[in-house]
Structures are given as structure tokens and as C-alpha cells.
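Next comes start.cif, a file with mmCIF, C-alpha atoms.
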data_work
loop_
_atom_site.label_atom_id
_atom_site.label_comp_id
_atom_site.auth_asym_id
_atom_site.auth_seq_id
_atom_site.Cartn_x
_atom_site.Cartn_y
_atom_site.Cartn_z
CA MET A 1489 1.41 6.46 -8.36
CA LEU A 1490 -0.19 3.54 -6.57
CA THR A 1491 -1.94 4.05 -3.25
CA VAL A 1492 -3.30 1.29 -1.06
CA GLY A 1493 -6.08 1.43 1.49
CA VAL A 1494 -6.67 -1.21 4.15
CA ASP A 1495 -9.78 -1.44 6.31
CA LEU A 1496 -8.15 -3.65 8.91
CA ALA A 1497 -10.14 -5.98 11.12
CA ALA A 1498 -8.92 -8.62 13.55
CA ALA A 1499 -10.10 -11.36 11.18
CA ASP A 1500 -9.20 -11.82 7.52
CA GLU A 1501 -12.83 -12.23 6.50
CA ARG A 1502 -13.71 -8.70 7.68
CA THR A 1503 -10.65 -7.03 6.15
CA ALA A 1504 -10.80 -5.10 2.87
CA LEU A 1505 -7.98 -3.85 0.65
CA ALA A 1506 -8.07 -1.36 -2.23
CA VAL A 1507 -5.39 -0.46 -4.77
CA LEU A 1508 -5.79 2.85 -6.61
CA GLU A 1509 -3.78 3.83 -9.68
CA TRP A 1510 -3.26 7.55 -10.35
CA ASP A 1511 -2.46 8.81 -13.82
CA ALA A 1512 -3.27 11.80 -16.04
CA GLY A 1513 -5.68 13.47 -13.67
CA ARG A 1514 -7.66 10.33 -12.95
CA ALA A 1515 -7.72 7.57 -10.36
CA THR A 1516 -8.85 4.02 -10.98
CA VAL A 1517 -9.67 1.34 -8.45
CA ARG A 1518 -7.37 -1.29 -9.89
CA GLU A 1519 -8.06 -3.88 -7.19
CA LEU A 1520 -10.63 -4.25 -4.43
CA HIS A 1521 -10.62 -7.35 -2.25
CA PHE A 1522 -12.62 -8.51 0.75
CA GLY A 1523 -11.32 -11.24 3.02
CA VAL A 1524 -7.61 -10.40 2.93
CA ASP A 1525 -4.80 -12.15 4.78
CA ASP A 1526 -1.59 -10.69 6.18
CA GLY A 1527 0.57 -11.79 3.25
CA ALA A 1528 -1.64 -9.99 0.73
CA ILE A 1529 -1.61 -6.80 2.83
CA VAL A 1530 2.18 -6.82 3.21
CA ASP A 1531 2.70 -7.45 -0.52
CA ALA A 1532 0.29 -4.67 -1.54
CA VAL A 1533 1.70 -2.08 0.86
CA ALA A 1534 5.29 -2.96 -0.08
CA ALA A 1535 4.43 -2.42 -3.76
CA SER A 1536 2.67 0.91 -3.18
CA ASP A 1537 3.91 4.48 -3.10
CA LYS A 1538 1.75 5.30 -0.05
CA ALA A 1539 -0.69 3.26 2.02
CA GLY A 1540 -3.47 4.22 4.41
CA ILE A 1541 -4.40 1.75 7.15
CA ASP A 1542 -7.69 2.20 8.97
CA CYS A 1543 -6.44 1.06 12.36
CA ALA A 1544 -4.55 2.56 15.26
CA LEU A 1545 -0.82 2.18 14.63
CA GLY A 1546 0.08 2.28 18.32
CA TRP A 1547 -1.15 2.62 21.90
CA PRO A 1548 -1.15 5.62 24.25
CA GLU A 1549 2.37 5.92 25.65
CA PRO A 1550 1.15 6.27 29.27
CA PHE A 1551 -0.84 3.05 28.81
CA THR A 1552 2.16 1.07 27.55
CA ARG A 1553 4.30 2.37 30.43
CA MET A 1554 1.60 1.36 32.92
CA ILE A 1555 1.25 -2.14 31.43
CA VAL A 1556 5.01 -2.72 31.61
CA ALA A 1557 5.17 -1.47 35.21
CA HIS A 1558 2.23 -3.62 36.25
CA GLY A 1559 3.67 -6.67 34.53
CA GLU A 1560 6.96 -6.22 36.34
CA GLY A 1561 5.24 -5.76 39.69
CA ARG A 1562 6.30 -2.13 40.05
CA PRO A 1563 3.92 0.48 41.53
CA VAL A 1564 1.38 2.04 39.18
CA ALA A 1565 1.04 5.71 40.07
CA GLY A 1566 -2.24 7.32 39.13
CA SER A 1567 -5.93 7.48 39.90
CA GLY A 1568 -9.11 9.20 38.82
CA ALA A 1569 -10.92 9.77 35.55
CA ALA A 1570 -8.39 12.25 34.14
CA TRP A 1571 -5.54 9.79 34.66
CA ARG A 1572 -7.51 6.92 33.12
CA ARG A 1573 -8.27 9.08 30.08
CA THR A 1574 -4.53 9.32 29.35
CA MET A 1575 -4.50 5.51 29.32
CA VAL A 1576 -7.43 5.36 26.91
CA TYR A 1577 -6.89 8.07 24.27
CA ARG A 1578 -3.79 8.88 22.25
CA THR A 1579 -2.67 12.41 21.48
CA THR A 1580 -4.01 12.08 17.93
CA ASP A 1581 -7.39 10.87 19.24
CA GLU A 1582 -7.69 14.01 21.35
CA VAL A 1583 -6.80 16.18 18.33
CA ILE A 1584 -9.55 14.54 16.25
CA ARG A 1585 -12.03 14.92 19.09
CA ALA A 1586 -11.25 18.64 19.35
CA THR A 1587 -11.30 19.15 15.57
CA ILE A 1588 -14.47 17.30 14.50
CA PRO A 1589 -17.49 17.82 16.79
CA GLY A 1590 -19.07 14.59 17.94
CA LEU A 1591 -16.48 12.29 16.37
CA ILE A 1592 -14.59 10.27 18.98
CA PRO A 1593 -12.10 7.65 17.77
CA LEU A 1594 -12.41 4.23 19.35
CA SER A 1595 -9.93 3.59 22.14
CA VAL A 1596 -7.16 1.21 21.13
CA SER A 1597 -6.57 0.27 24.77
CA ALA A 1598 -10.15 0.01 26.04
CA ASP A 1599 -12.21 -1.14 23.06
CA ARG A 1600 -12.35 -4.05 20.62
CA LEU A 1601 -10.16 -2.04 18.26
CA ALA A 1602 -7.27 -3.49 20.24
CA HIS A 1603 -7.73 -6.85 18.48
CA ALA A 1604 -7.12 -5.26 15.08
CA ALA A 1605 -4.27 -3.15 16.48
CA MET A 1606 -2.45 -6.29 17.61
CA ARG A 1607 -2.67 -7.58 14.06
CA CYS A 1608 -1.52 -4.21 12.78
CA ALA A 1609 1.55 -4.26 15.03
CA ALA A 1610 2.58 -7.60 13.53
CA LEU A 1611 1.99 -6.27 10.01
CA LEU A 1612 4.20 -3.24 10.69
CA SER A 1613 6.95 -5.59 11.88
CA SER A 1614 6.65 -7.68 8.69
CA LEU A 1615 6.80 -4.55 6.55
CA ALA A 1616 9.83 -3.23 8.44
CA ALA A 1617 11.55 -6.57 7.76
CA ARG A 1618 11.07 -5.80 4.04
CA ASP A 1619 12.73 -2.39 4.47
CA VAL A 1620 9.43 -0.47 4.33
CA ASP A 1621 9.54 2.75 6.37
CA VAL A 1622 6.79 2.30 8.95
CA ASP A 1623 7.18 5.62 10.78
CA ARG A 1624 3.91 5.76 12.73
CA SER A 1625 3.71 9.55 12.44
CA GLY A 1626 2.90 9.12 8.73
CA ALA A 1627 6.25 10.33 7.44
CA GLY A 1628 7.07 6.96 5.88
CA ARG A 1629 5.20 4.64 3.52
CA ILE A 1630 2.21 4.23 5.82
CA VAL A 1631 -0.27 6.69 7.20
CA GLU A 1632 -3.04 6.05 9.72
CA ALA A 1633 -6.41 6.67 8.06
CA TYR A 1634 -9.74 7.35 9.74
CA PRO A 1635 -12.38 7.17 6.99
CA SER A 1636 -15.13 8.90 8.98
CA ALA A 1637 -12.83 11.89 9.57
CA SER A 1638 -11.75 11.98 5.92
CA LEU A 1639 -15.37 11.88 4.75
CA PHE A 1640 -16.23 14.73 7.13
CA ARG A 1641 -13.39 16.85 5.76
CA TRP A 1642 -14.55 16.13 2.20
CA GLY A 1643 -18.12 17.15 2.96
CA LEU A 1644 -19.58 13.65 2.59
CA THR A 1645 -21.75 11.55 4.89
CA HIS A 1646 -19.48 10.34 7.66
CA ARG A 1647 -21.96 8.67 10.01
CA GLY A 1648 -24.73 6.13 9.69
CA TYR A 1649 -23.54 4.64 6.38
CA LYS A 1650 -22.45 1.31 7.81
CA GLY A 1651 -25.82 -0.33 7.26
CA LYS A 1652 -27.35 -2.12 4.31
CA ASN A 1653 -27.93 -0.04 1.16
CA SER A 1654 -26.59 3.16 2.73
CA VAL A 1655 -22.97 3.25 1.55
CA PRO A 1656 -22.57 6.72 -0.05
CA VAL A 1657 -20.94 5.62 -3.31
CA ASP A 1658 -23.04 7.99 -5.44
CA ALA A 1659 -22.07 10.98 -3.28
CA LEU A 1660 -18.40 10.03 -3.54
CA LEU A 1661 -18.59 9.77 -7.34
CA ALA A 1662 -20.38 13.12 -7.56
CA ALA A 1663 -17.62 14.75 -5.49
CA ALA A 1664 -14.84 12.88 -7.33
CA PRO A 1665 -15.94 12.41 -10.98
CA TRP A 1666 -12.34 11.56 -11.84
CA LEU A 1667 -12.56 8.34 -9.81
CA GLY A 1668 -13.21 5.19 -11.83
CA LEU A 1669 -14.58 2.20 -9.95
CA GLY A 1670 -14.87 -0.28 -12.80
CA ALA A 1671 -15.64 -3.83 -11.73
CA SER A 1672 -15.16 -2.86 -8.07
CA GLU A 1673 -18.35 -0.78 -7.88
CA PRO A 1674 -20.73 -3.61 -6.83
CA LEU A 1675 -18.48 -4.59 -3.91
CA MET A 1676 -18.17 -0.96 -2.80
CA ARG A 1677 -21.95 -0.61 -2.78
CA GLU A 1678 -22.40 -3.88 -0.91
CA SER A 1679 -19.70 -3.54 1.74
CA HIS A 1680 -18.93 -0.51 3.90
CA ASP A 1681 -15.60 -2.17 4.72
CA ALA A 1682 -14.66 -2.18 1.03
CA PHE A 1683 -15.86 1.43 0.74
CA ASP A 1684 -13.71 2.41 3.73
CA SER A 1685 -10.65 0.78 2.16
CA VAL A 1686 -11.10 3.03 -0.90
CA ILE A 1687 -11.44 6.08 1.38
CA ALA A 1688 -8.22 5.01 3.12
CA ALA A 1689 -6.48 4.80 -0.26
CA LEU A 1690 -7.75 8.30 -1.13
CA THR A 1691 -6.42 9.51 2.23
CA ALA A 1692 -3.07 7.94 1.38
CA ARG A 1693 -3.03 9.99 -1.85
CA ALA A 1694 -3.74 13.16 0.13
CA ALA A 1695 -0.87 12.26 2.47
CA ALA A 1696 1.48 11.64 -0.44
CA LEU A 1697 0.69 15.14 -1.72
CA GLY A 1698 1.20 16.71 1.71
CA LEU A 1699 -2.50 17.52 1.99
CA VAL A 1700 -3.11 16.10 5.47
CA THR A 1701 -2.46 17.25 9.02
CA ARG A 1702 0.96 16.52 10.45
CA PRO A 1703 2.07 16.45 14.09
CA ALA A 1704 3.36 19.71 15.50
CA PRO A 1705 7.03 19.60 16.59
CA GLU A 1706 6.01 19.06 20.20
CA GLN A 1707 3.71 16.17 19.17
CA LEU A 1708 6.13 14.36 16.86
CA ARG A 1709 7.81 12.13 19.45
CA LEU A 1710 4.49 10.78 20.68
CA ALA A 1711 3.15 10.44 17.12
CA ARG A 1712 6.06 8.15 16.27
CA VAL A 1713 5.09 5.94 19.21
CA GLU A 1714 1.28 6.15 19.26
CA GLY A 1715 0.46 6.78 15.59
CA TRP A 1716 -1.05 9.86 13.99
CA ILE A 1717 -4.40 10.12 12.17
CA ALA A 1718 -4.00 11.85 8.81
CA LEU A 1719 -6.83 14.36 8.45
CA PRO A 1720 -7.22 15.76 4.90
CA THR A 1721 -6.64 19.50 4.60
CA ALA A 1722 -7.80 19.92 0.98
CA PRO A 1723 -10.94 18.99 -0.98
CA LEU A 1724 -11.22 15.85 -3.08
CA ARG A 1725 -10.85 17.86 -6.29
CA ASP A 1726 -7.19 18.52 -5.38
CA LEU A 1727 -6.19 14.85 -5.27
CA PRO A 1728 -5.81 14.03 -8.98
#
Turn this file's structure into C-alpha cells for me.
Amino acid sequence: MLTVGVDLAAADERTALAVLEWDAGRATVRELHFGVDDGAIVDAVAASDKAGIDCALGWPEPFTRMIVAHGEGRPVAGSGAAWRRTMVYRTTDEVIRATIPGLIPLSVSADRLAHAAMRCAALLSSLAARDVDVDRSGAGRIVEAYPSASLFRWGLTHRGYKGKNSVPVDALLAAAPWLGLGASEPLMRESHDAFDSVIAALTARAAALGLVTRPAPEQLRLARVEGWIALPTAPLRDLP
């Protein structure tokens, strides 16, 4: 099995991509790249068995309805903080917020994450044109990854590691001794973006094994529109 992880930024130079190969109870980081363009991402995801993208795969449905109505000059019905919150956070964001204390996903409609999400929307279209199933609920080839949430579930440092010399590579290797980094280790230690792409690829493996949260039946319709964050439900030792 090949899993891909993408730490997607608005610009190529801040985007990282990891390819993990799984075989005989081990995983090896076969490729790790920093500064990745759209073509390389599409090719890697299309060649994978499962891919995790660290970016919102969609926008809150009430937000998209409001934008369309406003653009067409139709009345926008709503006011107050509670209404605005439905514009800002997706269903999956609210689930993460309720599940992991203190961890609040960035808003795809009211934060700079929107720049990366626009790029992601175009990538999903390119992948769909190559017959890749891009079901945003995670049921297809792609799953939405949130490295901080995955790290929390795996008992690893999930905050404060995005500074110099603080990427928790040693802790990851201690928790996953079956993971071989090879020539990719220096880049993982140097770049938290590269590290996050590996975590996204590990999350993709968990999703491929059915070891992540899935939308409840009443959440599925929205998840296919807004995206759904895959939260691991099993420890790292279960992945290989």
C-alpha cells in the first residue's frame, strides 16, 4: 500500500508532500518533498491507495448559500453571533472542538486557510478529471487530515512544535519504531510542514484501515459538501 500526505499551503514553496510505502509490518518514507506544485500533488495522489490532505476540503454549507444569495442580490436572512458561527465553522470543525479540549480548527471562511482551500478545490477538480474518487466525506481516495488532532489521538505533542528545533520526530519514532525515515529524516527535523505531511500520510493509512471517525448518517450529506476531518480511533501500533 502507498499512502500520501500533503501539507497544503496556498503557495508551492510552503507545501510539503510525503509518500509512505507499507509492507511486511513496516512503513518507509519513500519520498518527502518541500516546495510542491499542483501537478506533483495530483500525480502522487492519483498513484496512491489513500491520501490525506491537511486542508479543509470544503466550506460551511450555510456560508456558501449566503455567498450565492448575496452575489445574486437576494436577501441574506440572519444576524447575531450564533448565526455568524454557522458561517464560520463546518460540522466537522464543531465535532473536533467538542472532542479535543482547546483545539479549534481554523475557519475556512474567515481565516487565511481559505487561500489554501481555494487551491485544494482546484486540485480536487483535477483529480476528479482523472477519475479519482474525491468524496469529501473521506469515503473515496482522499481524506481530510488534521495533524494536530491526529497527534493528540496518538498521545504525541500536538501544540507548540511549529518552531525551530521543536519538531517531535524522536517522539514519533519512539511511538512508531516500525517507521523508517531514511534520507527524509533531516527534512522532517528541519520543517514542521514536512513533518505534518508525514502525519497526514499516517492518517491516510488509518483511514484506509477504517481506524478513523466517520460521519454519522445524519452528518453524511453535509460531510460530502463541507469535508470531514478524519480523527484516528486506534493507536499508532495498529497501523502496520
Checklist entry - Of the candidates A:His1521, A:Arg1624, A:Arg1677, A:Arg1641, which shows the shortest atom-to-atom distance to Trp1716 in chain A, using all atoms listed in the file? => result A:Arg1624
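With CA of Leu1505 in chain A on one side and CA of Ala1689 in chain A on the other, the separation reads 8.8 Å.
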If the PyMOL selection byres ((chain A and resi 1508-1517) around 12) is run on the structure shown, which residues does it catch, given as a compact mmCIF listing (two decimals) with C-alpha atoms, in the frame of the given file?
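Generated file (part_24.txt):
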# COMPACT_ATOMS: atom_id res chain seq x y z
CA MET A 1489 1.41 6.46 -8.36
CA LEU A 1490 -0.19 3.54 -6.57
CA THR A 1491 -1.94 4.05 -3.25
CA VAL A 1492 -3.30 1.29 -1.06
CA GLY A 1493 -6.08 1.43 1.49
CA VAL A 1494 -6.67 -1.21 4.15
CA LEU A 1505 -7.98 -3.85 0.65
CA ALA A 1506 -8.07 -1.36 -2.23
CA VAL A 1507 -5.39 -0.46 -4.77
CA ARG A 1518 -7.37 -1.29 -9.89
CA GLU A 1519 -8.06 -3.88 -7.19
CA LEU A 1520 -10.63 -4.25 -4.43
CA HIS A 1521 -10.62 -7.35 -2.25
CA ALA A 1532 0.29 -4.67 -1.54
CA VAL A 1533 1.70 -2.08 0.86
CA ALA A 1535 4.43 -2.42 -3.76
CA SER A 1536 2.67 0.91 -3.18
CA ASP A 1537 3.91 4.48 -3.10
CA LYS A 1538 1.75 5.30 -0.05
CA ALA A 1539 -0.69 3.26 2.02
CA GLY A 1540 -3.47 4.22 4.41
CA LEU A 1661 -18.59 9.77 -7.34
CA ALA A 1664 -14.84 12.88 -7.33
CA PRO A 1665 -15.94 12.41 -10.98
CA TRP A 1666 -12.34 11.56 -11.84
CA LEU A 1667 -12.56 8.34 -9.81
CA GLY A 1668 -13.21 5.19 -11.83
CA LEU A 1669 -14.58 2.20 -9.95
CA GLY A 1670 -14.87 -0.28 -12.80
CA ALA A 1671 -15.64 -3.83 -11.73
CA SER A 1672 -15.16 -2.86 -8.07
CA GLU A 1673 -18.35 -0.78 -7.88
CA LEU A 1675 -18.48 -4.59 -3.91
CA MET A 1676 -18.17 -0.96 -2.80
CA ALA A 1682 -14.66 -2.18 1.03
CA PHE A 1683 -15.86 1.43 0.74
CA SER A 1685 -10.65 0.78 2.16
CA VAL A 1686 -11.10 3.03 -0.90
CA ILE A 1687 -11.44 6.08 1.38
CA ALA A 1688 -8.22 5.01 3.12
CA ALA A 1689 -6.48 4.80 -0.26
CA LEU A 1690 -7.75 8.30 -1.13
CA THR A 1691 -6.42 9.51 2.23
CA ALA A 1692 -3.07 7.94 1.38
CA ARG A 1693 -3.03 9.99 -1.85
CA ALA A 1694 -3.74 13.16 0.13
CA ALA A 1696 1.48 11.64 -0.44
CA LEU A 1724 -11.22 15.85 -3.08
CA ARG A 1725 -10.85 17.86 -6.29
CA ASP A 1726 -7.19 18.52 -5.38
CA LEU A 1727 -6.19 14.85 -5.27
CA PRO A 1728 -5.81 14.03 -8.98
Next on the checklist: Here's a test: counting only C-alpha atoms, identify every protein, DNA and RNA residue with an atom at most 7 Å from (-4.1, -2.1, 14.2) in the file's coordinate frame, and state them as a PyMOL selection string.
Outcome noted: chain A and resi 1496+1543-1545+1602+1604-1609
Checklist outcome for this item: The residue from A:Ala1610, A:Leu1697, A:Ile1717, A:Val1596 with the smallest atom-to-atom distance to Ala1637 in chain A, counting all atoms listed in the file, is A:Ile1717
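The spacing separating CA of Ala1633 in chain A from CA of Ala1718 in chain A amounts to 5.8 Å.
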Next on the checklist: Between CA of Val1713 in chain A and CA of Gly1628 in chain A, what is the distance in Å, rounded to a tenth?
Outcome noted: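 Those two atoms sit 13.5 Å apart.
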Next on the checklist: Neighbouring residues of Ala1711 in chain A were defined as those with any atom within 12 Å, considering all atoms listed in the file; residues of the same chain fewer than 5 positions away were excluded. Please report them as number ranges by chain.
Outcome noted: A: 1544-1549, 1578-1581, 1583, 1623-1627, 1631-1632, 1701-1706, 1716-1718
Same residues, C-alpha atoms, saved as a JSON list (two decimals), in the coordinates of the input:
[["chain", "number", "residue", "atom", "x", "y", "z"],
["A", 1544, "ALA", "CA", -4.55, 2.56, 15.26],
["A", 1545, "LEU", "CA", -0.82, 2.18, 14.63],
["A", 1546, "GLY", "CA", 0.08, 2.28, 18.32],
["A", 1547, "TRP", "CA", -1.15, 2.62, 21.90],
["A", 1548, "PRO", "CA", -1.15, 5.62, 24.25],
["A", 1549, "GLU", "CA", 2.37, 5.92, 25.65],
["A", 1578, "ARG", "CA", -3.79, 8.88, 22.25],
["A", 1579, "THR", "CA", -2.67, 12.41, 21.48],
["A", 1580, "THR", "CA", -4.01, 12.08, 17.93],
["A", 1581, "ASP", "CA", -7.39, 10.87, 19.24],
["A", 1583, "VAL", "CA", -6.80, 16.18, 18.33],
["A", 1623, "ASP", "CA", 7.18, 5.62, 10.78],
["A", 1624, "ARG", "CA", 3.91, 5.76, 12.73],
["A", 1625, "SER", "CA", 3.71, 9.55, 12.44],
["A", 1626, "GLY", "CA", 2.90, 9.12, 8.73],
["A", 1627, "ALA", "CA", 6.25, 10.33, 7.44],
["A", 1631, "VAL", "CA", -0.27, 6.69, 7.20],
["A", 1632, "GLU", "CA", -3.04, 6.05, 9.72],
["A", 1701, "THR", "CA", -2.46, 17.25, 9.02],
["A", 1702, "ARG", "CA", 0.96, 16.52, 10.45],
["A", 1703, "PRO", "CA", 2.07, 16.45, 14.09],
["A", 1704, "ALA", "CA", 3.36, 19.71, 15.50],
["A", 1705, "PRO", "CA", 7.03, 19.60, 16.59],
["A", 1706, "GLU", "CA", 6.01, 19.06, 20.20],
["A", 1716, "TRP", "CA", -1.05, 9.86, 13.99],
["A", 1717, "ILE", "CA", -4.40, 10.12, 12.17],
["A", 1718, "ALA", "CA", -4.00, 11.85, 8.81]]
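With all atoms listed in the file as the atoms that count, the residue of A:Ser1597, A:Ala1498, A:Ala1586, A:Val1530 with the shortest distance to Pro1550 in chain A is A:Ser1597.
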Next on the checklist: Give me the residues near range 1522-1524 of chain A as a list in words, where near means some atom within 8 Å (using all atoms listed in the file) and where sequence neighbours in that chain fewer than 3 positions away do not count.
Outcome noted: Asp1500, Glu1501, Arg1502, Thr1503, Ala1504, Leu1505, Ala1528, Ile1529 and Ala1682 of chain A
Let's have the selection written as an mmCIF file, in the frame of the given file, with C-alpha atoms.
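Once everything was written out, this is out19.cif:
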data_model
loop_
_atom_site.group_PDB
_atom_site.id
_atom_site.type_symbol
_atom_site.label_atom_id
_atom_site.label_comp_id
_atom_site.auth_asym_id
_atom_site.auth_seq_id
_atom_site.Cartn_x
_atom_site.Cartn_y
_atom_site.Cartn_z
ATOM 1 C CA ASP A 1500 -9.200 -11.820 7.520
ATOM 2 C CA GLU A 1501 -12.830 -12.230 6.500
ATOM 3 C CA ARG A 1502 -13.710 -8.700 7.680
ATOM 4 C CA THR A 1503 -10.650 -7.030 6.150
ATOM 5 C CA ALA A 1504 -10.800 -5.100 2.870
ATOM 6 C CA LEU A 1505 -7.980 -3.850 0.650
ATOM 7 C CA ALA A 1528 -1.640 -9.990 0.730
ATOM 8 C CA ILE A 1529 -1.610 -6.800 2.830
ATOM 9 C CA ALA A 1682 -14.660 -2.180 1.030
#
Checklist entry - Got a sec to resolve the PyMOL selection byres ((chain A and resi 1590) around 12) on this structure and send the residues as a list in words? => result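 Applied to this file, the PyMOL selection byres ((chain A and resi 1590) around 12) selects Glu1582, Ile1584, Arg1585, Ala1586, Thr1587, Ile1588, Pro1589, Leu1591, Ile1592, Pro1593, Ser1636, Ala1637, Phe1640, His1646 and Arg1647 of chain A.
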Checklist entry - Applied to the shown file, which residues does the PyMOL selection byres ((chain A and resi 1575) around 6) return, written as a ChimeraX atom specification? => result /A:1550-1551,1572-1574,1576
Write a file of the just-selected residues containing C-alpha atoms, as a short mmCIF file (atom, residue, chain, number, x, y, z; two decimals), in the frame of the given file.
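selection33.cif, freshly written:
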data_model
loop_
_atom_site.label_atom_id
_atom_site.label_comp_id
_atom_site.auth_asym_id
_atom_site.auth_seq_id
_atom_site.Cartn_x
_atom_site.Cartn_y
_atom_site.Cartn_z
CA PRO A 1550 1.15 6.27 29.27
CA PHE A 1551 -0.84 3.05 28.81
CA ARG A 1572 -7.51 6.92 33.12
CA ARG A 1573 -8.27 9.08 30.08
CA THR A 1574 -4.53 9.32 29.35
CA VAL A 1576 -7.43 5.36 26.91
#
